[in-house]
Amino acid sequence: MHTPSVTVTVGAGPSIDHVVEDASGQICYYSQNPNCVINATQLDTISIYGAGFDSAGGNTVRLTAGTTTDWLYSGDPGGSYYWDGSPQQINAQIGCSNVPVPGTYTFEVLNPHQQSPSPSYSISVASGSGC
Amino acid sequence: MPALAVASDATYYTVGNPATITWGAADVTSISLTSQPTAGIYSCGSTNEISSRSALLGSCASAIVTMPSTPQPLTITLKGSNTDVDGNTNHTATNCTAPACTPHP
C-alpha cells in the first residue's frame with residue numbers, strides 16, 4: 001500500500017531567514033550576514049520571512065535597545081499595519097507609537113506557543129516624517 | 001486503485017502551532033491521516049494537477065493539525081483504501097508525490 005506522507009520539523013521557536021525593508025527594498029539575508037542592519041524609518045513597513053510563525057496569529061516582534069523594549073503586534077492602538085497570517089511571513093509597520101524613539105534596536109520574533117524566541121538581529125529606526 | 005497526495009503548508013512549525021495539511025485523493029472509499037485534525041475539514045483551491053486526462057478525477061481537502069508540544073520531527077501520513085466491485089479491499093495505490101501527481105497512465 002502506498003501511503004504518501006510529509007515530514008515536518010517541530011521546533012522550540014520561530015526563526016528568521018531574511019527581512020525586507022519595503023520602502024527601500026533593502027534585504028538582509030541572515031544566513032549570509034547575521035550582522036546585517038535593516039535601515040528603516042518609524043513609518044516604514046518591514047516584511048519578516050522565516051519559519052515557525054503561528055498562522056493563527058498572535059506573533060509579536062520585540063525591539064530592544066538598552067532598557068527600552070518596544071513591540072510590533074496586531075491591534076496596535078496607534079493603527080500601525082500588522083499581518084501575521086502565515087507560518088512563514090510577518091508584515092509589520094514600525095509605527096510612531098510602537099517605536100516612539102528613533103535608534104538602533106535588536107529585534108526578534110515571538111510566537112504565542114514558543115519555548116524560545118527567534119534569534120535576534122539589528123534594525124536602525126530613523127525618525128519618520130509626521131511622527 | 002487509490003491515488004493519494006498530501007502536503008503541508010510549511011516544513012517547520014513552532015510547538016503547538018497549527019499546520020494546514022492538504023490532500024488529494026481519487027478512487028477511494030476511505031481515507032485517514034495519522035495526525036488527528038483539530039478542527040473541521042475544508043475544501044481547497046489548488047492548481048496541483050492530479051491527472052492529465054480531461055475526465056473529472058479526484059478531490060481535494062485540507063485540515064488543521066496542531067503540532068506537538070515538544071520539539072521533534074513529525075511525519076504525517078495519508079492512508080486510503082477502496083473496495084472493488086468484487087468486494088475485496090484494494091489497498092494498492094499509485095505512487096505519486098505531493099503536491100502533484102499523475103496517477104493514471
# chains A, B, ... in the order shown; residues from 1 in each chain; ligands from 1

$ closest_atom_pairs --of "chain A" --to "chain B" --cutoff "8 Å" --atoms "only C-alpha atoms" --output "tab-separated table"
residue	atom	partner	partner_atom	distance
A:Met1	CA	B:Thr92	CA	4.8
A:His2	CA	B:Ala93	CA	5.2
A:Thr3	CA	B:Lys79	CA	5.3
A:Pro4	CA	B:Leu78	CA	5.7
A:Ser5	CA	B:Thr77	CA	4.0
A:Val6	CA	B:Ile76	CA	5.3
A:Thr7	CA	B:Thr75	CA	4.1
A:Val8	CA	B:Thr11	CA	4.7
A:Thr9	CA	B:Pro73	CA	4.4
A:Val10	CA	B:Pro71	CA	4.9
A:Gly11	CA	B:Pro71	CA	4.5
A:Ala12	CA	B:Thr14	CA	5.7
A:Gly13	CA	B:Thr14	CA	5.0
A:Pro14	CA	B:Thr14	CA	6.0
A:Ala51	CA	B:Tyr12	CA	5.9
A:Gly52	CA	B:Tyr13	CA	4.2
A:Phe53	CA	B:Thr14	CA	6.9
A:Asp54	CA	B:Asn17	CA	5.6
A:Ser55	CA	B:Pro18	CA	6.8
A:Ala56	CA	B:Pro18	CA	7.1
A:Pro87	CA	B:Ala10	CA	6.8
A:Gln88	CA	B:Ala10	CA	7.5
A:Asn111	CA	B:Thr14	CA	7.6
A:His113	CA	B:Gly16	CA	5.7
A:Gln114	CA	B:Thr14	CA	6.2
A:Gln115	CA	B:Val15	CA	7.7

$ atom_distance --atom1 "CA of Gly95 (chain A)" --atom2 "CA of Asn33 (chain A)"
26.1 Å

$ atom_distance --atom1 "CA of Pro37 (chain B)" --atom2 "CA of Asn82 (chain B)"
21.7 Å

$ atom_distance --atom1 "CA of Gly24 (chain B)" --atom2 "CA of Ile90 (chain A)"
28.7 Å

$ select_by_dssp --residues "region 20-105 of chain A" --states "strand (DSSP E)" --output "MDAnalysis selection string"
chainID A and resid 20:21 27:29 37:41 45:51 60:65 68:72 82:83 89:93 103:105

$ write_last_selection --atoms "C-alpha atoms" --output "compact mmCIF listing (two decimals), in the first residue's frame"
# COMPACT_ATOMS: atom_id res chain seq x y z
CA VAL A 20 12.85 43.23 3.58
CA GLU A 21 12.51 46.95 4.24
CA ILE A 27 17.10 42.91 2.18
CA CYS A 28 19.12 41.29 4.98
CA TYR A 29 19.81 37.58 4.49
CA VAL A 37 21.35 46.04 9.85
CA ILE A 38 17.95 46.94 8.43
CA ASN A 39 17.57 50.70 7.90
CA ALA A 40 14.03 51.98 8.28
CA THR A 41 12.03 54.94 9.47
CA THR A 45 6.95 48.53 6.98
CA ILE A 46 9.24 45.54 7.17
CA SER A 47 8.47 42.05 5.88
CA ILE A 48 9.95 39.29 8.00
CA TYR A 49 10.42 35.94 6.29
CA GLY A 50 11.24 32.86 8.30
CA ALA A 51 9.67 29.75 9.74
CA THR A 60 4.88 39.66 18.03
CA VAL A 61 8.11 41.44 17.16
CA ARG A 62 10.13 42.66 20.13
CA LEU A 63 12.59 45.54 19.71
CA THR A 64 15.12 46.14 22.43
CA ALA A 65 17.63 48.93 22.99
CA THR A 68 13.86 50.06 26.31
CA THR A 69 11.54 47.41 24.91
CA ASP A 70 9.05 48.12 22.14
CA TRP A 71 6.63 45.81 20.38
CA LEU A 72 5.16 45.41 16.92
CA TYR A 82 0.49 44.34 11.00
CA TRP A 83 -0.19 40.99 9.33
CA GLN A 89 5.86 35.72 6.84
CA ILE A 90 5.04 38.71 9.01
CA ASN A 91 4.46 42.21 7.65
CA ALA A 92 4.83 44.92 10.27
CA GLN A 93 4.77 48.68 10.17
CA GLY A 103 17.62 54.49 17.38
CA THR A 104 19.25 51.14 16.80
CA TYR A 105 17.38 48.16 18.20

$ closest_residue --among "A:Asn35, A:Asn59, A:Ser74, A:Ser15" --to "Tyr121 (chain A)" --atoms "only C-alpha atoms"
A:Asn35
